[in-house]
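Asker: One structure, pasted below without further comment.
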Amino acid sequence: MGINKYKYIYGPVPSWRLGSSLGVDPLSQEDKICSFDCLYCQIGKTTIHTRKRKVFVSSRNIIEELKSLPPVRIDFITFSGRGEPTLAKNLGKMIAGVRGTRKEPIAVITNSSSFCDKEVRNDLSQADFVLAKLDAPSEESFKKINKPVKGISLLKEVEGMRTFLKTYKGKFALQIMFMKENEKYAKEIAQLARQIRADEVQLNTPLRPCGVKPLSKKKMEEIKKHFKGLTTISVHESARKKVTPVSKKDTLIRRGKI
């Protein structure tokens, strides 16, 4: 299959959290469609800033592309891409379709903005691994760092995550992106993480090109001390697998530099 025919899948990419990760983009638009406009996003500014769910891509199209993949080593099939994957109203149907087509575990990387929606929680419950964003400890810092669309609050995010975790049977991780703008809140973010009780806390800093600079390994080690007692992994301490994307161009559009 020619690389130009891949419209919805991309990678695999070398993920420090997921190994060899094949991406599925349930939005698959030229525009970045997201409920956030984070300072550090490696795919640029949000062009369609929304929290409204709709069907962007049919589940059938996703499955057809997965079936056409050449033999490739994959550790996870990951719903992510050019925006917030939970905005896809048919996300649950897509996950079920992938489950019936491939044997690899399924992950979803979400910005956490839709956990207050019961339908979204039901969709995410079908995944093996959910990775959810938490970059700020207060509404004020949340608005500065993540720039959510109107109607989204940090309190609702956290309440939604805690409700989700009451019944979720898979693995749940908090992904925290640290930079100059929020490093001073590390202690408060760690306290919030303890309340959520995730299986894992992923301490990240933007190593790929974006609008802010990454923190040093030494600074990240200092931040990690605030998370003592929690199961943590850190981007500076984790190895990456060597992988070759099926389409480098599409991967760069959806993920940024590999």
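Following the order of the structure tokens, first chain is A, next is B, and so on, with residues numbered from 1 inside each chain and ligands from 1 in the order they appear.
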Can you check which residues of region 42-258 of chain A DSSP gives as helix (DSSP H, G or I) on the backbone and send them as a VMD selection string?

Answerer: chain A and resid 59 to 67 85 to 87 91 to 99 118 to 124 139 to 146 154 to 165 183 to 196 217 to 227 235 to 237 248 to 255

Asker: Using only C-alpha atoms, what does the table of region 60-163 of chain A residues within 12 Å of region 44-52 of chain A look like, with each row giving the shortest atom pair and its distance in Å to one decimal, sorted by chain and ascending number, as a tab-separated table?

Answerer:
```
residue	atom	partner	partner_atom	distance
A:Arg82	CA	A:Thr46	CA	9.3
A:Gly83	CA	A:Thr46	CA	7.9
A:Glu84	CA	A:Arg51	CA	9.1
A:Pro85	CA	A:Arg51	CA	11.0
A:Thr86	CA	A:Arg51	CA	9.2
A:Leu87	CA	A:Lys52	CA	6.5
A:Ala88	CA	A:Lys52	CA	9.0
A:Lys89	CA	A:Lys52	CA	9.0
A:Asn111	CA	A:Arg51	CA	11.4
A:Ser112	CA	A:Arg51	CA	11.4
A:Ser113	CA	A:Arg51	CA	8.1
A:Ser114	CA	A:Arg51	CA	8.0
A:Phe115	CA	A:Arg51	CA	11.7
A:Cys116	CA	A:Arg51	CA	11.8
A:Asp117	CA	A:Arg51	CA	10.8
A:Val120	CA	A:Lys52	CA	11.8
A:Asn146	CA	A:Thr46	CA	11.1
A:Lys147	CA	A:His49	CA	9.7
A:Pro148	CA	A:His49	CA	8.3
A:Val149	CA	A:Thr50	CA	6.1
A:Lys150	CA	A:Thr50	CA	8.5
A:Gly151	CA	A:Arg51	CA	8.4
A:Ile152	CA	A:Arg51	CA	8.3
A:Ser153	CA	A:Arg51	CA	12.0
```

Asker: Find the spatial neighbours of region 123-125 of chain A, counting only C-alpha atoms, within a cut-off of 12 Å - ignore same-chain residues fewer than 6 positions away - and output them as a VMD selection string.

Answerer: chain A and resid 79 85 to 96 106 to 110 112 114 to 115 117 131 to 132 161 163 to 172

Asker: Please save N, CA and C atoms of the selected residues as an mmCIF file, in the first residue's frame.

Answerer:
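For reference, part-v5.cif as written:
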```
data_model
loop_
_atom_site.group_PDB
_atom_site.id
_atom_site.type_symbol
_atom_site.label_atom_id
_atom_site.label_comp_id
_atom_site.auth_asym_id
_atom_site.auth_seq_id
_atom_site.Cartn_x
_atom_site.Cartn_y
_atom_site.Cartn_z
ATOM 1 N N PHE A 79 -4.755 5.867 20.251
ATOM 2 C CA PHE A 79 -5.605 6.936 19.740
ATOM 3 C C PHE A 79 -5.066 8.273 20.240
ATOM 4 N N PRO A 85 -8.618 13.259 20.960
ATOM 5 C CA PRO A 85 -9.335 12.103 20.417
ATOM 6 C C PRO A 85 -10.737 11.885 20.973
ATOM 7 N N THR A 86 -11.007 12.336 22.209
ATOM 8 C CA THR A 86 -12.346 12.103 22.764
ATOM 9 C C THR A 86 -13.399 13.003 22.121
ATOM 10 N N LEU A 87 -12.985 13.935 21.259
ATOM 11 C CA LEU A 87 -13.962 14.735 20.518
ATOM 12 C C LEU A 87 -14.640 13.906 19.431
ATOM 13 N N ALA A 88 -14.053 12.756 19.090
ATOM 14 C CA ALA A 88 -14.669 11.841 18.128
ATOM 15 C C ALA A 88 -15.829 11.114 18.815
ATOM 16 N N LYS A 89 -17.034 11.380 18.368
ATOM 17 C CA LYS A 89 -18.222 10.814 19.001
ATOM 18 C C LYS A 89 -18.285 9.296 18.852
ATOM 19 N N ASN A 90 -17.603 8.766 17.848
ATOM 20 C CA ASN A 90 -17.593 7.321 17.622
ATOM 21 C C ASN A 90 -16.309 6.664 18.134
ATOM 22 N N LEU A 91 -15.655 7.286 19.113
ATOM 23 C CA LEU A 91 -14.402 6.736 19.644
ATOM 24 C C LEU A 91 -14.593 5.314 20.175
ATOM 25 N N GLY A 92 -15.661 5.086 20.921
ATOM 26 C CA GLY A 92 -15.899 3.748 21.466
ATOM 27 C C GLY A 92 -16.071 2.715 20.376
ATOM 28 N N LYS A 93 -16.768 3.072 19.325
ATOM 29 C CA LYS A 93 -16.967 2.161 18.195
ATOM 30 C C LYS A 93 -15.645 1.865 17.497
ATOM 31 N N MET A 94 -14.795 2.881 17.396
ATOM 32 C CA MET A 94 -13.473 2.690 16.801
ATOM 33 C C MET A 94 -12.626 1.729 17.630
ATOM 34 N N ILE A 95 -12.640 1.935 18.936
ATOM 35 C CA ILE A 95 -11.855 1.066 19.825
ATOM 36 C C ILE A 95 -12.334 -0.380 19.688
ATOM 37 N N ALA A 96 -13.638 -0.572 19.665
ATOM 38 C CA ALA A 96 -14.193 -1.921 19.516
ATOM 39 C C ALA A 96 -13.785 -2.530 18.177
ATOM 40 N N ILE A 106 -4.702 -1.459 23.417
ATOM 41 C CA ILE A 106 -5.139 -0.162 22.905
ATOM 42 C C ILE A 106 -4.975 0.908 23.975
ATOM 43 N N ALA A 107 -4.347 2.019 23.591
ATOM 44 C CA ALA A 107 -4.169 3.164 24.496
ATOM 45 C C ALA A 107 -4.902 4.380 23.933
ATOM 46 N N VAL A 108 -5.304 5.265 24.825
ATOM 47 C CA VAL A 108 -5.864 6.561 24.428
ATOM 48 C C VAL A 108 -5.127 7.648 25.203
ATOM 49 N N ILE A 109 -4.598 8.632 24.478
ATOM 50 C CA ILE A 109 -3.951 9.776 25.113
ATOM 51 C C ILE A 109 -4.931 10.949 25.057
ATOM 52 N N THR A 110 -5.378 11.391 26.217
ATOM 53 C CA THR A 110 -6.408 12.426 26.279
ATOM 54 C C THR A 110 -5.961 13.625 27.116
ATOM 55 N N SER A 112 -7.926 15.109 29.080
ATOM 56 C CA SER A 112 -8.751 15.005 30.300
ATOM 57 C C SER A 112 -9.975 15.919 30.312
ATOM 58 N N SER A 114 -12.814 15.837 28.863
ATOM 59 C CA SER A 114 -14.163 15.281 28.681
ATOM 60 C C SER A 114 -14.538 14.206 29.697
ATOM 61 N N PHE A 115 -13.770 14.068 30.765
ATOM 62 C CA PHE A 115 -14.080 13.025 31.748
ATOM 63 C C PHE A 115 -15.409 13.261 32.464
ATOM 64 N N ASP A 117 -18.084 13.820 30.995
ATOM 65 C CA ASP A 117 -19.100 13.305 30.076
ATOM 66 C C ASP A 117 -19.193 11.783 30.224
ATOM 67 N N LEU A 131 -4.102 7.504 29.173
ATOM 68 C CA LEU A 131 -3.087 8.455 29.618
ATOM 69 C C LEU A 131 -3.736 9.838 29.613
ATOM 70 N N ALA A 132 -3.873 10.437 30.798
ATOM 71 C CA ALA A 132 -4.654 11.665 30.951
ATOM 72 C C ALA A 132 -3.792 12.828 31.438
ATOM 73 N N MET A 161 -12.210 12.356 36.343
ATOM 74 C CA MET A 161 -11.198 11.289 36.416
ATOM 75 C C MET A 161 -11.474 10.365 37.596
ATOM 76 N N THR A 163 -14.314 9.785 39.079
ATOM 77 C CA THR A 163 -15.509 8.985 38.775
ATOM 78 C C THR A 163 -15.148 7.849 37.834
ATOM 79 N N PHE A 164 -14.353 8.151 36.810
ATOM 80 C CA PHE A 164 -13.926 7.142 35.837
ATOM 81 C C PHE A 164 -13.171 6.004 36.524
ATOM 82 N N LEU A 165 -12.293 6.349 37.445
ATOM 83 C CA LEU A 165 -11.443 5.347 38.084
ATOM 84 C C LEU A 165 -12.191 4.434 39.054
ATOM 85 N N LYS A 166 -13.398 4.786 39.419
ATOM 86 C CA LYS A 166 -14.191 3.925 40.304
ATOM 87 C C LYS A 166 -14.546 2.603 39.639
ATOM 88 N N THR A 167 -14.643 2.610 38.306
ATOM 89 C CA THR A 167 -15.062 1.397 37.583
ATOM 90 C C THR A 167 -14.068 0.930 36.526
ATOM 91 N N TYR A 168 -13.098 1.771 36.173
ATOM 92 C CA TYR A 168 -12.171 1.421 35.092
ATOM 93 C C TYR A 168 -11.270 0.264 35.505
ATOM 94 N N LYS A 169 -11.119 -0.719 34.618
ATOM 95 C CA LYS A 169 -10.349 -1.923 34.932
ATOM 96 C C LYS A 169 -8.980 -1.964 34.252
ATOM 97 N N GLY A 170 -8.687 -0.990 33.406
ATOM 98 C CA GLY A 170 -7.397 -0.960 32.737
ATOM 99 C C GLY A 170 -6.362 -0.177 33.525
ATOM 100 N N LYS A 171 -5.283 0.209 32.850
ATOM 101 C CA LYS A 171 -4.219 0.989 33.473
ATOM 102 C C LYS A 171 -4.469 2.473 33.204
ATOM 103 N N PHE A 172 -4.259 3.290 34.224
ATOM 104 C CA PHE A 172 -4.522 4.727 34.114
ATOM 105 C C PHE A 172 -3.289 5.506 34.547
#
```

Asker: Can you tell me which residues surround Glu222 (chain A) at a distance of at most 12 Å, considering only C-alpha atoms, apart from same-chain residues fewer than 2 positions away, and format the answer as a PyMOL selection string?

Answerer: chain A and resi 178+183-184+186-187+203+215-220+224-228+234

Asker: Of the candidates A:Pro26, A:Pro209, A:Pro137, A:Gly81, which one gets nearest to Ile62 (chain A) if we count only C-alpha atoms?

Answerer: A:Pro26

Asker: Neighbours of Asp25 (chain A) within 6 Å (only C-alpha atoms; same-chain residues fewer than 2 positions away dropped), as an mmCIF file with C-alpha atoms, in the first residue's frame?

Answerer:
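Output saved as around-v9.cif:
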```cif
data_model
loop_
_atom_site.group_PDB
_atom_site.id
_atom_site.type_symbol
_atom_site.label_atom_id
_atom_site.label_comp_id
_atom_site.auth_asym_id
_atom_site.auth_seq_id
_atom_site.Cartn_x
_atom_site.Cartn_y
_atom_site.Cartn_z
ATOM 1 C CA TYR A 8 -5.948 7.900 9.538
ATOM 2 C CA LEU A 27 -10.140 13.402 13.770
ATOM 3 C CA SER A 28 -7.855 13.256 10.719
ATOM 4 C CA SER A 80 -4.080 10.395 19.609
ATOM 5 C CA GLY A 81 -3.284 12.500 16.552
#
```

Asker: When distances are computed from only C-alpha atoms, which of A:Leu230, A:Leu39, A:Ile74, A:Ile196 shows the smallest separation from Ser20 (chain A)?

Answerer: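 Under the stated criterion, the closest residue is A:Ile74.
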
Asker: Can you pull out every residue within 7 Å of Glu104 (chain A), counting only C-alpha atoms, but drop anything in the same chain fewer than 2 positions away, and send it as a list in words?

Answerer: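 So the residues in contact are Asp75, Phe76, Ile77, Arg102 and Ile106 of chain A.
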
Asker: Choose the residue, out of A:Thr78, A:Asn182, A:Asn122, A:Ser15, that has the smallest atom-to-atom separation from Pro214 (chain A); count only C-alpha atoms.

Answerer: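 Looking only at the distances to Pro214 (chain A), the closest residue turns out to be A:Asn182.
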
Asker: Name the closest residue to Phe36 (chain A) among the candidates A:Ile145, A:Thr101, A:Val235, A:Cys210; distances are taken between atoms, counting only C-alpha atoms.

Answerer: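 Result for the nearest residue to Phe36 (chain A): A:Ile145.
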